[in-house]
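Peer 1: Just one file: protein_27.pdb, with PDB, C-alpha atoms.
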```
ATOM      1  CA  MET A 148      81.810 108.306  88.081
ATOM      2  CA  SER A 149      79.420 108.716  90.953
ATOM      3  CA  GLY A 150      80.801 109.610  94.376
ATOM      4  CA  GLY A 151      77.700 108.243  96.068
ATOM      5  CA  ARG A 152      78.176 104.583  95.206
ATOM      6  CA  CYS A 153      79.718 101.983  97.505
ATOM      7  CA  ARG A 154      81.884  99.270  95.988
ATOM      8  CA  GLY A 155      83.681  96.134  97.204
ATOM      9  CA  ARG A 156      83.496  93.651 100.066
ATOM     10  CA  GLY A 157      85.154  93.225 103.448
ATOM     11  CA  VAL A 158      88.602  91.626 103.608
ATOM     12  CA  THR A 159      91.382  90.768 106.042
ATOM     13  CA  VAL A 160      94.799  92.327 105.398
ATOM     14  CA  GLY A 161      98.155  90.729 106.117
ATOM     15  CA  SER A 162     101.893  91.440 106.409
ATOM     16  CA  MET A 163     103.508  94.867 106.760
ATOM     17  CA  GLU A 164     106.442  93.840 104.563
ATOM     18  CA  PRO A 165     106.423  95.069 100.943
ATOM     19  CA  ALA A 166     105.820  92.322  98.389
ATOM     20  CA  ARG A 167     105.211  92.908  94.671
ATOM     21  CA  THR A 168     105.324  96.466  93.380
ATOM     22  CA  ASP A 169     102.964  96.289  90.400
ATOM     23  CA  LEU A 170      99.382  97.479  90.722
ATOM     24  CA  ASP A 171      96.274  95.946  89.200
ATOM     25  CA  LEU A 172      95.532  99.228  87.454
ATOM     26  CA  ASP A 173      92.290  98.020  85.886
ATOM     27  CA  ALA A 174      90.887  97.076  89.302
ATOM     28  CA  TYR A 175      92.019 100.380  90.823
ATOM     29  CA  LEU A 176      90.445 102.479  88.070
ATOM     30  CA  ALA A 177      87.228 100.467  88.353
ATOM     31  CA  ARG A 178      87.214 101.095  92.113
ATOM     32  CA  ILE A 179      87.469 104.872  91.636
ATOM     33  CA  GLY A 180      85.136 104.858  88.636
ATOM     34  CA  TRP A 181      87.549 106.595  86.237
ATOM     35  CA  THR A 182      87.112 105.634  82.577
ATOM     36  CA  GLY A 183      89.292 108.262  80.913
ATOM     37  CA  ASP A 184      91.767 107.537  78.123
ATOM     38  CA  ARG A 185      95.110 106.443  79.568
ATOM     39  CA  ARG A 186      96.844 105.810  76.244
ATOM     40  CA  PRO A 187      98.235 109.316  75.601
ATOM     41  CA  ALA A 188     101.197 110.669  77.545
ATOM     42  CA  PRO A 189     100.362 111.628  81.149
ATOM     43  CA  THR A 190      98.592 114.995  81.350
ATOM     44  CA  VAL A 191      97.531 117.501  83.985
ATOM     45  CA  GLU A 192      93.926 116.686  83.176
ATOM     46  CA  THR A 193      94.462 112.976  83.841
ATOM     47  CA  LEU A 194      96.254 113.704  87.124
ATOM     48  CA  ARG A 195      93.454 115.963  88.342
ATOM     49  CA  ALA A 196      90.710 113.581  87.249
ATOM     50  CA  VAL A 197      92.271 110.503  88.871
ATOM     51  CA  HIS A 198      92.972 112.464  92.066
ATOM     52  CA  ARG A 199      89.355 113.642  92.332
ATOM     53  CA  ALA A 200      87.929 110.215  91.478
ATOM     54  CA  HIS A 201      90.093 108.538  94.142
ATOM     55  CA  LEU A 202      89.145 111.061  96.809
ATOM     56  CA  MET A 203      85.438 110.707  96.110
ATOM     57  CA  SER A 204      85.458 106.910  95.981
ATOM     58  CA  ILE A 205      87.686 105.710  98.824
ATOM     59  CA  PRO A 206      87.021 107.071 102.336
ATOM     60  CA  PHE A 207      89.534 108.168 104.950
ATOM     61  CA  GLU A 208      89.416 106.030 108.108
ATOM     62  CA  ASN A 209      91.623 104.955 111.010
ATOM     63  CA  LEU A 210      89.848 101.766 112.039
ATOM     64  CA  GLU A 211      92.978  99.584 112.009
ATOM     65  CA  PRO A 212      94.822 101.629 114.673
ATOM     66  CA  LEU A 213      91.635 102.106 116.663
ATOM     67  CA  LEU A 214      91.061  98.359 116.747
ATOM     68  CA  GLY A 215      94.641  97.619 117.765
ATOM     69  CA  SER A 216      96.775  96.991 114.676
ATOM     70  CA  ALA A 217      99.016  98.875 112.246
ATOM     71  CA  PRO A 218      97.771  98.992 108.639
ATOM     72  CA  SER A 219      99.888  97.205 106.072
ATOM     73  CA  LEU A 220     101.552  99.324 103.393
ATOM     74  CA  ALA A 221     102.341  96.329 101.177
ATOM     75  CA  LEU A 222     100.689  96.868  97.812
ATOM     76  CA  PRO A 223      98.777  93.546  97.727
ATOM     77  CA  ASP A 224      97.279  94.390 101.129
ATOM     78  CA  LEU A 225      96.388  97.909 100.028
ATOM     79  CA  GLU A 226      94.679  96.455  96.972
ATOM     80  CA  ALA A 227      92.787  93.945  99.099
ATOM     81  CA  LYS A 228      91.609  96.592 101.542
ATOM     82  CA  LEU A 229      91.150  99.822  99.553
ATOM     83  CA  VAL A 230      90.517  98.491  96.049
ATOM     84  CA  ARG A 231      88.710  95.160  96.401
ATOM     85  CA  SER A 232      86.686  95.817  99.546
ATOM     86  CA  ARG A 233      84.440  98.431 101.095
ATOM     87  CA  ARG A 234      87.180  99.947 103.202
ATOM     88  CA  GLY A 235      89.316 103.066 103.321
ATOM     89  CA  GLY A 236      92.514 104.058 105.042
ATOM     90  CA  TYR A 237      94.619 106.952 106.223
ATOM     91  CA  CYS A 238      97.346 108.988 104.509
ATOM     92  CA  TYR A 239     100.056 106.322 104.155
ATOM     93  CA  GLU A 240      97.604 103.853 102.673
ATOM     94  CA  HIS A 241      95.879 106.282 100.324
ATOM     95  CA  ASN A 242      98.982 108.006  99.028
ATOM     96  CA  THR A 243     101.006 104.787  98.714
ATOM     97  CA  LEU A 244      98.196 103.381  96.572
ATOM     98  CA  LEU A 245      97.985 106.599  94.535
ATOM     99  CA  THR A 246     101.765 106.502  94.025
ATOM    100  CA  ALA A 247     101.469 103.054  92.453
ATOM    101  CA  ALA A 248      98.578 104.160  90.241
ATOM    102  CA  LEU A 249     100.238 107.363  89.026
ATOM    103  CA  THR A 250     103.505 105.528  88.377
ATOM    104  CA  ALA A 251     101.624 102.947  86.299
ATOM    105  CA  LEU A 252     100.042 105.812  84.346
ATOM    106  CA  GLY A 253     103.467 107.264  83.526
ATOM    107  CA  PHE A 254     103.846 110.057  86.090
ATOM    108  CA  GLY A 255     106.945 110.636  88.179
ATOM    109  CA  VAL A 256     106.131 110.594  91.899
ATOM    110  CA  THR A 257     108.200 111.645  94.919
ATOM    111  CA  GLY A 258     106.929 111.017  98.437
ATOM    112  CA  LEU A 259     107.176 113.860 100.964
ATOM    113  CA  SER A 260     106.296 114.242 104.639
ATOM    114  CA  GLY A 261     104.589 117.103 106.441
ATOM    115  CA  ARG A 262     103.884 118.447 109.918
ATOM    116  CA  VAL A 263     100.136 118.765 110.488
ATOM    117  CA  ARG A 264      99.144 122.185 111.815
ATOM    118  CA  VAL A 265      95.372 121.729 112.058
ATOM    119  CA  GLY A 266      94.463 122.021 115.734
ATOM    120  CA  ALA A 267      98.029 122.803 116.831
ATOM    121  CA  ALA A 268      98.763 125.614 119.277
ATOM    122  CA  PRO A 269     100.542 128.655 117.763
ATOM    123  CA  GLY A 270     104.254 127.937 117.494
ATOM    124  CA  ALA A 271     103.889 124.206 118.229
ATOM    125  CA  VAL A 272     106.127 121.958 116.146
ATOM    126  CA  ARG A 273     104.588 118.561 115.576
ATOM    127  CA  PRO A 274     106.494 115.592 114.136
ATOM    128  CA  ARG A 275     106.370 114.822 110.441
ATOM    129  CA  THR A 276     103.502 112.374 110.350
ATOM    130  CA  HIS A 277     101.665 113.206 107.114
ATOM    131  CA  MET A 278     102.410 111.708 103.705
ATOM    132  CA  LEU A 279     101.905 113.740 100.535
ATOM    133  CA  LEU A 280     103.161 113.443  96.956
ATOM    134  CA  LEU A 281     105.050 115.639  94.512
ATOM    135  CA  VAL A 282     104.159 114.674  90.954
ATOM    136  CA  GLU A 283     106.155 115.284  87.789
ATOM    137  CA  ILE A 284     104.378 115.376  84.430
ATOM    138  CA  PRO A 285     106.540 114.715  81.358
ATOM    139  CA  GLY A 286     107.006 117.953  79.427
ATOM    140  CA  GLU A 287     105.678 120.125  82.281
ATOM    141  CA  GLU A 288     108.066 122.462  84.081
ATOM    142  CA  ARG A 289     105.892 122.773  87.192
ATOM    143  CA  ARG A 290     105.424 119.982  89.692
ATOM    144  CA  TYR A 291     102.084 119.210  91.272
ATOM    145  CA  VAL A 292     101.092 118.285  94.802
ATOM    146  CA  ALA A 293      98.780 115.287  95.071
ATOM    147  CA  ASP A 294      97.302 114.277  98.409
ATOM    148  CA  VAL A 295      94.265 112.010  98.726
ATOM    149  CA  GLY A 296      95.011 111.055 102.329
ATOM    150  CA  PHE A 297      94.541 114.230 104.358
ATOM    151  CA  GLY A 298      91.447 113.472 106.431
ATOM    152  CA  SER A 299      90.015 116.964 106.635
ATOM    153  CA  ILE A 300      87.516 119.225 104.915
ATOM    154  CA  GLY A 301      90.534 121.386 104.073
ATOM    155  CA  SER A 302      92.040 118.678 101.855
ATOM    156  CA  LEU A 303      92.704 118.943  98.132
ATOM    157  CA  LEU A 304      90.031 117.702  95.765
ATOM    158  CA  GLU A 305      92.401 117.883  92.809
ATOM    159  CA  ALA A 306      96.171 118.041  92.416
ATOM    160  CA  VAL A 307      97.511 121.608  92.162
ATOM    161  CA  PRO A 308     100.873 123.112  91.140
ATOM    162  CA  LEU A 309     103.431 123.728  93.853
ATOM    163  CA  VAL A 310     103.724 127.494  93.486
ATOM    164  CA  ALA A 311     103.589 130.117  96.216
ATOM    165  CA  GLY A 312     101.087 132.933  96.532
ATOM    166  CA  THR A 313      98.554 131.676  93.985
ATOM    167  CA  GLU A 314      95.016 130.815  95.005
ATOM    168  CA  PHE A 315      93.625 127.583  93.589
ATOM    169  CA  HIS A 316      89.951 126.715  93.241
ATOM    170  CA  ASP A 317      89.602 122.940  93.108
ATOM    171  CA  GLY A 318      85.890 122.433  92.878
ATOM    172  CA  THR A 319      84.235 124.339  95.718
ATOM    173  CA  ARG A 320      87.435 124.476  97.800
ATOM    174  CA  ARG A 321      90.056 127.220  97.918
ATOM    175  CA  HIS A 322      93.731 126.558  98.624
ATOM    176  CA  ARG A 323      97.115 128.202  98.396
ATOM    177  CA  TYR A 324     100.756 127.616  99.299
ATOM    178  CA  VAL A 325     102.817 130.142 101.214
ATOM    179  CA  ARG A 326     106.492 129.973 102.127
ATOM    180  CA  GLU A 327     108.089 130.440 105.525
ATOM    181  CA  PRO A 328     111.764 130.541 106.539
ATOM    182  CA  HIS A 329     112.995 127.155 107.686
ATOM    183  CA  PRO A 330     114.135 127.371 111.327
ATOM    184  CA  GLY A 331     117.200 125.286 110.465
ATOM    185  CA  GLY A 332     118.329 127.629 107.712
ATOM    186  CA  LEU A 333     117.538 125.112 104.979
ATOM    187  CA  GLU A 334     115.151 125.660 102.083
ATOM    188  CA  ASP A 335     111.939 127.453 102.966
ATOM    189  CA  LEU A 336     108.985 125.595 104.378
ATOM    190  CA  TRP A 337     105.966 125.218 102.141
ATOM    191  CA  VAL A 338     102.718 125.746 104.054
ATOM    192  CA  PHE A 339      99.498 124.349 102.633
ATOM    193  CA  GLN A 340      96.496 126.512 103.529
ATOM    194  CA  ALA A 341      92.739 126.178 103.041
ATOM    195  CA  PHE A 342      90.176 128.972 103.102
ATOM    196  CA  LEU A 343      87.716 127.936 105.816
ATOM    197  CA  ASP A 344      85.213 129.911 107.889
ATOM    198  CA  GLY A 345      86.228 133.166 106.246
ATOM    199  CA  SER A 346      90.016 132.972 106.710
ATOM    200  CA  TRP A 347      93.140 131.207 105.473
ATOM    201  CA  GLN A 348      94.077 128.385 107.825
ATOM    202  CA  ASP A 349      97.293 126.339 107.891
ATOM    203  CA  GLN A 350      96.767 122.647 107.186
ATOM    204  CA  TYR A 351     100.337 121.330 107.168
ATOM    205  CA  ALA A 352     103.936 122.387 106.450
ATOM    206  CA  PHE A 353     106.567 120.471 104.484
ATOM    207  CA  THR A 354     109.812 120.639 102.546
ATOM    208  CA  ARG A 355     110.709 118.934  99.284
ATOM    209  CA  GLU A 356     113.086 116.475 100.938
ATOM    210  CA  PRO A 357     112.126 113.038  99.534
ATOM    211  CA  CYS A 358     110.877 110.247 101.777
ATOM    212  CA  HIS A 359     111.334 106.568 101.006
ATOM    213  CA  PRO A 360     108.927 103.661 101.607
ATOM    214  CA  SER A 361     111.008 102.578 104.610
ATOM    215  CA  ASP A 362     110.466 106.019 106.164
ATOM    216  CA  TYR A 363     106.708 105.615 105.878
ATOM    217  CA  VAL A 364     106.812 102.127 107.404
ATOM    218  CA  VAL A 365     108.416 103.606 110.533
ATOM    219  CA  ILE A 366     106.084 106.617 110.728
ATOM    220  CA  ASN A 367     103.042 104.453 110.040
ATOM    221  CA  TRP A 368     103.972 102.096 112.873
ATOM    222  CA  TYR A 369     104.403 104.947 115.323
ATOM    223  CA  VAL A 370     101.154 106.694 114.373
ATOM    224  CA  ALA A 371      99.211 103.419 114.525
ATOM    225  CA  THR A 372     100.639 102.058 117.772
ATOM    226  CA  SER A 373     101.845 104.928 119.958
ATOM    227  CA  PRO A 374      99.576 105.604 122.965
ATOM    228  CA  ARG A 375     100.151 109.310 122.245
ATOM    229  CA  SER A 376      98.610 109.040 118.783
ATOM    230  CA  PRO A 377      95.036 110.366 118.502
ATOM    231  CA  PHE A 378      94.304 107.535 116.062
ATOM    232  CA  GLN A 379      94.663 105.108 118.972
ATOM    233  CA  HIS A 380      91.858 106.691 120.949
ATOM    234  CA  SER A 381      89.099 107.971 118.696
ATOM    235  CA  LEU A 382      87.420 107.195 115.395
ATOM    236  CA  TYR A 383      88.147 109.561 112.488
ATOM    237  CA  VAL A 384      86.351 109.041 109.193
ATOM    238  CA  GLN A 385      85.938 111.380 106.199
ATOM    239  CA  ARG A 386      84.212 111.071 102.851
ATOM    240  CA  ALA A 387      83.811 113.595 100.057
ATOM    241  CA  THR A 388      81.046 113.468  97.444
ATOM    242  CA  PRO A 389      80.228 115.944  94.660
ATOM    243  CA  ASP A 390      77.778 117.846  96.861
ATOM    244  CA  ARG A 391      78.908 117.359 100.466
ATOM    245  CA  HIS A 392      81.667 116.424 102.893
ATOM    246  CA  LEU A 393      80.996 113.922 105.678
ATOM    247  CA  SER A 394      83.039 113.743 108.861
ATOM    248  CA  LEU A 395      82.712 111.350 111.782
ATOM    249  CA  SER A 396      84.827 112.077 114.854
ATOM    250  CA  GLY A 397      84.049 109.697 117.683
ATOM    251  CA  ARG A 398      80.254 109.727 117.583
ATOM    252  CA  THR A 399      79.886 113.248 116.166
ATOM    253  CA  LEU A 400      78.658 113.188 112.576
ATOM    254  CA  VAL A 401      79.052 116.415 110.576
ATOM    255  CA  GLU A 402      77.705 117.005 107.079
ATOM    256  CA  THR A 403      78.962 120.094 105.243
ATOM    257  CA  GLY A 404      77.262 121.025 101.986
ATOM    258  CA  SER A 405      79.058 122.479  98.980
ATOM    259  CA  ASP A 406      77.424 125.817  99.856
ATOM    260  CA  GLY A 407      78.958 125.737 103.361
ATOM    261  CA  THR A 408      75.815 124.728 105.246
ATOM    262  CA  ARG A 409      76.615 122.485 108.205
ATOM    263  CA  LYS A 410      74.558 119.819 109.990
ATOM    264  CA  GLU A 411      75.752 118.023 113.109
ATOM    265  CA  ARG A 412      74.314 115.191 115.172
ATOM    266  CA  GLN A 413      75.446 112.766 117.851
ATOM    267  CA  LEU A 414      75.190 109.046 117.142
ATOM    268  CA  ALA A 415      73.604 107.056 119.931
ATOM    269  CA  ASP A 416      75.914 104.033 120.259
ATOM    270  CA  SER A 417      78.371 101.733 118.488
ATOM    271  CA  ASP A 418      75.592  99.998 116.570
ATOM    272  CA  GLU A 419      74.534 103.304 115.023
ATOM    273  CA  VAL A 420      78.181 104.131 114.273
ATOM    274  CA  LEU A 421      78.597 100.838 112.406
ATOM    275  CA  ALA A 422      75.365 101.464 110.494
ATOM    276  CA  VAL A 423      76.471 104.976 109.489
ATOM    277  CA  LEU A 424      79.887 103.683 108.448
ATOM    278  CA  ALA A 425      78.187 101.220 106.092
ATOM    279  CA  THR A 426      75.503 103.477 104.640
ATOM    280  CA  ASP A 427      77.098 106.934 104.592
ATOM    281  CA  PHE A 428      80.815 106.165 104.369
ATOM    282  CA  CYS A 429      80.712 102.909 102.361
ATOM    283  CA  ILE A 430      82.800 101.106 104.995
ATOM    284  CA  GLU A 431      81.827  97.517 105.716
ATOM    285  CA  LEU A 432      83.321  95.784 108.763
ATOM    286  CA  PRO A 433      82.928  92.173 109.950
ATOM    287  CA  PRO A 434      79.632  91.694 111.803
ATOM    288  CA  ASP A 435      81.425  90.892 115.062
ATOM    289  CA  THR A 436      83.385  94.192 115.086
ATOM    290  CA  ALA A 437      83.306  95.812 118.524
ATOM    291  CA  LEU A 438      84.213  99.504 118.520
ATOM    292  CA  PRO A 439      85.707 100.968 121.713
ATOM    293  CA  ASP A 440      83.437 103.226 123.735
TER     294      ASP A 440
END
```
Rewrite the structure of this file - the entire thing - as structure tokens.
Peer 2:
Amino acid sequence: MSGGRCRGRGVTVGSMEPARTDLDLDAYLARIGWTGDRRPAPTVETLRAVHRAHLMSIPFENLEPLLGSAPSLALPDLEAKLVRSRRGGYCYEHNTLLTAALTALGFGVTGLSGRVRVGAAPGAVRPRTHMLLLVEIPGEERRYVADVGFGSIGSLLEAVPLVAGTEFHDGTRRHRYVREPHPGGLEDLWVFQAFLDGSWQDQYAFTREPCHPSDYVVINWYVATSPRSPFQHSLYVQRATPDRHLSLSGRTLVETGSDGTRKERQLADSDEVLAVLATDFCIELPPDTALPD
């Protein structure tokens, strides 16, 4: 699998209502470039490999909300957009698609929701707007966190066990989970942290309370359509490859190498943004797409 290749064609997505629940697993695995053996029982190695392949093949992007619509979470629409075209999505799209793939591969998957802490003021309590997954592997006592939809350089490259106080090295990235008392007296909060710029930084906090697809439909609609949502007002795109991480926020393009070196430049106009989306992020939009200034 090569993280530098672009696959698929542009497509129009449809209804928000769930339709069929089965995934075209062959098409999905071709999209992410994973050719491992799926015949044995599900394994940690398969989970990690599929997670990494997905993250390095399908970009994070919020173009639907930015252009005035809520992304569909119906599986046929996710297939049309993320699997069969040169498009990406944000957390609900990515992790809903990964849920279907992991389920088809024999894993047990529970959806969770988290409060993003990146960029939040100390003590601020944001709403639960991030989707992540808790994965059960037959015969394994530990459960693993999978999350291919966190649009940040602090995101997981591979699924890791949900255990506190242990540092994980997934590729060139360093992560850990710490626990905090829940303010409501319930089970402790789990806090996902990444080691960035020389220190441990909170990425998001969550509990193990399950979420259902209907919960994500509501949250997705709010995040996509609320005038208070940052996804309504600015472009956010991320793409990971084996040797770098690309980030586009508005017109600011940042390339971070695996050794931590950082390059930043400002794109001149919407035409250059569209060109960079196609060449660097493997995102192809209709030729008449007009991005907001």
Peer 1: I want to know what sits within 9 Å of region 371-375 of chain A, based on all atoms listed in the file, with residues of the same chain fewer than 4 positions away left out; could you give that as a PyMOL selection string?
Peer 2: chain A and resi 209+211-213+215-218+366-367+379-380
Peer 1: Determine the residue membership of the PyMOL selection byres ((chain A and resi 258) around 8) for the file above and supply it as a PyMOL selection string.
Peer 2: chain A and resi 256-257+259-260+278-281+357-359
Peer 1: Provide the CA of Gly312 (chain A) to CA of Glu327 (chain A) distance in Å, to one decimal place.
Peer 2: 11.7 Å
Peer 1: Excluding Pro328 (chain A) and its own-chain neighbours fewer than 4 positions away, which residues fall within 12 Å of it when counting all atoms listed in the file? Please give them as a PyMOL selection string.
Peer 2: chain A and resi 332-338+352-354
Peer 1: Which value, in Å to one decimal, gives the distance between CA of Gly296 (chain A) and CA of Arg386 (chain A)?
Peer 2: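 Taking CA of Gly296 (chain A) as the start and CA of Arg386 (chain A) as the end point, the length is 10.8 Å.
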Peer 1: Under the rule that all atoms listed in the file are counted, which of A:Val265, A:Val191, A:Ala387, A:Val370 is the nearest residue to Arg320 (chain A)?
Peer 2: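 Under the stated criterion, the closest residue is A:Ala387.
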Peer 1: Draw an axis-aligned box over all listed atoms of region 425-435 of chain A, pad each side with 3 Å, and write its centre and edge lengths in Å, one decimal, as lines of an AutoDock Vina configuration file.
Peer 2:
```
center_x = 79.4
center_y = 98.9
center_z = 108.7
size_x = 13.8
size_y = 22.0
size_z = 18.7
```
Peer 1: Applying 12 Å and only C-alpha atoms, which residues near region 390-395 of chain A remain after dropping the ones on its own chain fewer than 2 positions away? List them as a PDB file with C-alpha atoms, in the coordinates of the input.
Peer 2:
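Output (result_4.pdb):
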```pdb
ATOM      1  CA  SER A 149      79.420 108.716  90.953  1.00  0.00           C
ATOM      2  CA  GLY A 150      80.801 109.610  94.376  1.00  0.00           C
ATOM      3  CA  GLY A 151      77.700 108.243  96.068  1.00  0.00           C
ATOM      4  CA  LEU A 202      89.145 111.061  96.809  1.00  0.00           C
ATOM      5  CA  MET A 203      85.438 110.707  96.110  1.00  0.00           C
ATOM      6  CA  PRO A 206      87.021 107.071 102.336  1.00  0.00           C
ATOM      7  CA  PHE A 207      89.534 108.168 104.950  1.00  0.00           C
ATOM      8  CA  GLU A 208      89.416 106.030 108.108  1.00  0.00           C
ATOM      9  CA  ASN A 209      91.623 104.955 111.010  1.00  0.00           C
ATOM     10  CA  LEU A 210      89.848 101.766 112.039  1.00  0.00           C
ATOM     11  CA  GLY A 298      91.447 113.472 106.431  1.00  0.00           C
ATOM     12  CA  SER A 299      90.015 116.964 106.635  1.00  0.00           C
ATOM     13  CA  ILE A 300      87.516 119.225 104.915  1.00  0.00           C
ATOM     14  CA  GLY A 301      90.534 121.386 104.073  1.00  0.00           C
ATOM     15  CA  SER A 302      92.040 118.678 101.855  1.00  0.00           C
ATOM     16  CA  LEU A 304      90.031 117.702  95.765  1.00  0.00           C
ATOM     17  CA  GLY A 318      85.890 122.433  92.878  1.00  0.00           C
ATOM     18  CA  THR A 319      84.235 124.339  95.718  1.00  0.00           C
ATOM     19  CA  ARG A 320      87.435 124.476  97.800  1.00  0.00           C
ATOM     20  CA  SER A 381      89.099 107.971 118.696  1.00  0.00           C
ATOM     21  CA  LEU A 382      87.420 107.195 115.395  1.00  0.00           C
ATOM     22  CA  TYR A 383      88.147 109.561 112.488  1.00  0.00           C
ATOM     23  CA  VAL A 384      86.351 109.041 109.193  1.00  0.00           C
ATOM     24  CA  GLN A 385      85.938 111.380 106.199  1.00  0.00           C
ATOM     25  CA  ARG A 386      84.212 111.071 102.851  1.00  0.00           C
ATOM     26  CA  ALA A 387      83.811 113.595 100.057  1.00  0.00           C
ATOM     27  CA  THR A 388      81.046 113.468  97.444  1.00  0.00           C
ATOM     28  CA  GLY A 397      84.049 109.697 117.683  1.00  0.00           C
ATOM     29  CA  ARG A 398      80.254 109.727 117.583  1.00  0.00           C
ATOM     30  CA  THR A 399      79.886 113.248 116.166  1.00  0.00           C
ATOM     31  CA  LEU A 400      78.658 113.188 112.576  1.00  0.00           C
ATOM     32  CA  VAL A 401      79.052 116.415 110.576  1.00  0.00           C
ATOM     33  CA  GLU A 402      77.705 117.005 107.079  1.00  0.00           C
ATOM     34  CA  THR A 403      78.962 120.094 105.243  1.00  0.00           C
ATOM     35  CA  GLY A 404      77.262 121.025 101.986  1.00  0.00           C
ATOM     36  CA  SER A 405      79.058 122.479  98.980  1.00  0.00           C
ATOM     37  CA  ASP A 406      77.424 125.817  99.856  1.00  0.00           C
ATOM     38  CA  GLY A 407      78.958 125.737 103.361  1.00  0.00           C
ATOM     39  CA  THR A 408      75.815 124.728 105.246  1.00  0.00           C
ATOM     40  CA  ARG A 409      76.615 122.485 108.205  1.00  0.00           C
ATOM     41  CA  LYS A 410      74.558 119.819 109.990  1.00  0.00           C
ATOM     42  CA  GLU A 411      75.752 118.023 113.109  1.00  0.00           C
ATOM     43  CA  ARG A 412      74.314 115.191 115.172  1.00  0.00           C
ATOM     44  CA  GLN A 413      75.446 112.766 117.851  1.00  0.00           C
ATOM     45  CA  LEU A 414      75.190 109.046 117.142  1.00  0.00           C
ATOM     46  CA  GLU A 419      74.534 103.304 115.023  1.00  0.00           C
ATOM     47  CA  VAL A 420      78.181 104.131 114.273  1.00  0.00           C
ATOM     48  CA  LEU A 421      78.597 100.838 112.406  1.00  0.00           C
ATOM     49  CA  VAL A 423      76.471 104.976 109.489  1.00  0.00           C
ATOM     50  CA  LEU A 424      79.887 103.683 108.448  1.00  0.00           C
ATOM     51  CA  THR A 426      75.503 103.477 104.640  1.00  0.00           C
ATOM     52  CA  ASP A 427      77.098 106.934 104.592  1.00  0.00           C
ATOM     53  CA  PHE A 428      80.815 106.165 104.369  1.00  0.00           C
ATOM     54  CA  CYS A 429      80.712 102.909 102.361  1.00  0.00           C
TER      55      CYS A 429
END
```
Peer 1: Smallest atom-to-atom distance to Ala251 (chain A): which of A:Asp344, A:Glu314, A:Asp416, A:Asp171, using all atoms listed in the file?
Peer 2: A:Asp171
Peer 1: Could you state which residues are captured by the PyMOL selection byres ((chain A and resi 179-190) around 6) in this file, as a list in words?
Peer 2: Met148, Leu176, Ala177, Arg178, Val191, Glu192, Thr193, Ala200, His201, Ser204 and Gly253 of chain A
Peer 1: Just say which residues the PyMOL selection byres ((chain A and resi 324) around 7) picks in this file, as a ChimeraX atom specification.
Peer 2: /A:310-312,323,325-326,337-340
Peer 1: Selection from above, C-alpha atoms, as a PDB file, in the coordinates of the input, can you write it?
Peer 2:
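Written output follows (again.pdb):
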```pdb
ATOM      1  CA  VAL A 310     103.724 127.494  93.486  1.00  0.00           C
ATOM      2  CA  ALA A 311     103.589 130.117  96.216  1.00  0.00           C
ATOM      3  CA  GLY A 312     101.087 132.933  96.532  1.00  0.00           C
ATOM      4  CA  ARG A 323      97.115 128.202  98.396  1.00  0.00           C
ATOM      5  CA  VAL A 325     102.817 130.142 101.214  1.00  0.00           C
ATOM      6  CA  ARG A 326     106.492 129.973 102.127  1.00  0.00           C
ATOM      7  CA  TRP A 337     105.966 125.218 102.141  1.00  0.00           C
ATOM      8  CA  VAL A 338     102.718 125.746 104.054  1.00  0.00           C
ATOM      9  CA  PHE A 339      99.498 124.349 102.633  1.00  0.00           C
ATOM     10  CA  GLN A 340      96.496 126.512 103.529  1.00  0.00           C
TER      11      GLN A 340
END
```
Peer 1: Select, from A:His322, A:Arg199, A:His277, A:Arg355, the residue with the minimum atom-to-atom distance to Tyr237 (chain A), counting all atoms listed in the file.
Peer 2: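 Looking at the shortest contact to Tyr237 (chain A), the residue is A:His277.
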Peer 1: State, in Å with one decimal place, the distance from CA of Glu240 (chain A) to CA of Ala271 (chain A).
Peer 2: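 So the answer is 26.4 Å.
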Peer 1: Need to verify the contact set: Leu249 (chain A), 10 Å, only C-alpha atoms, exclusion of same-chain residues closer than 4 positions in sequence. Can you return it as a PDB file with C-alpha atoms, keeping the file's coordinate frame?
Peer 2:
```
ATOM      1  CA  LEU A 172      95.532  99.228  87.454  1.00  0.00           C
ATOM      2  CA  PRO A 189     100.362 111.628  81.149  1.00  0.00           C
ATOM      3  CA  THR A 193      94.462 112.976  83.841  1.00  0.00           C
ATOM      4  CA  LEU A 194      96.254 113.704  87.124  1.00  0.00           C
ATOM      5  CA  VAL A 197      92.271 110.503  88.871  1.00  0.00           C
ATOM      6  CA  HIS A 198      92.972 112.464  92.066  1.00  0.00           C
ATOM      7  CA  LEU A 244      98.196 103.381  96.572  1.00  0.00           C
ATOM      8  CA  LEU A 245      97.985 106.599  94.535  1.00  0.00           C
ATOM      9  CA  GLY A 253     103.467 107.264  83.526  1.00  0.00           C
ATOM     10  CA  PHE A 254     103.846 110.057  86.090  1.00  0.00           C
ATOM     11  CA  GLY A 255     106.945 110.636  88.179  1.00  0.00           C
ATOM     12  CA  VAL A 256     106.131 110.594  91.899  1.00  0.00           C
ATOM     13  CA  VAL A 282     104.159 114.674  90.954  1.00  0.00           C
ATOM     14  CA  GLU A 283     106.155 115.284  87.789  1.00  0.00           C
TER      15      GLU A 283
END
```
Peer 1: Tell me which of A:Asn242, A:Thr436, A:Thr276, A:Gln350 sits closest to Ala293 (chain A), counting all atoms listed in the file.
Peer 2: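 The shortest atom-to-atom distance to Ala293 (chain A) comes from A:Asn242.
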Peer 1: Closest to Ala268 (chain A) among A:Asp418, A:Asp349, A:Asp173, A:Glu288, using only C-alpha atoms?
Peer 2: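 Nearest to Ala268 (chain A): A:Asp349.
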Peer 1: Closest to Gly266 (chain A) among A:Gly345, A:Pro433, A:Gly235, A:Pro377, using only C-alpha atoms?
Peer 2: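 Nearest to Gly266 (chain A): A:Pro377.
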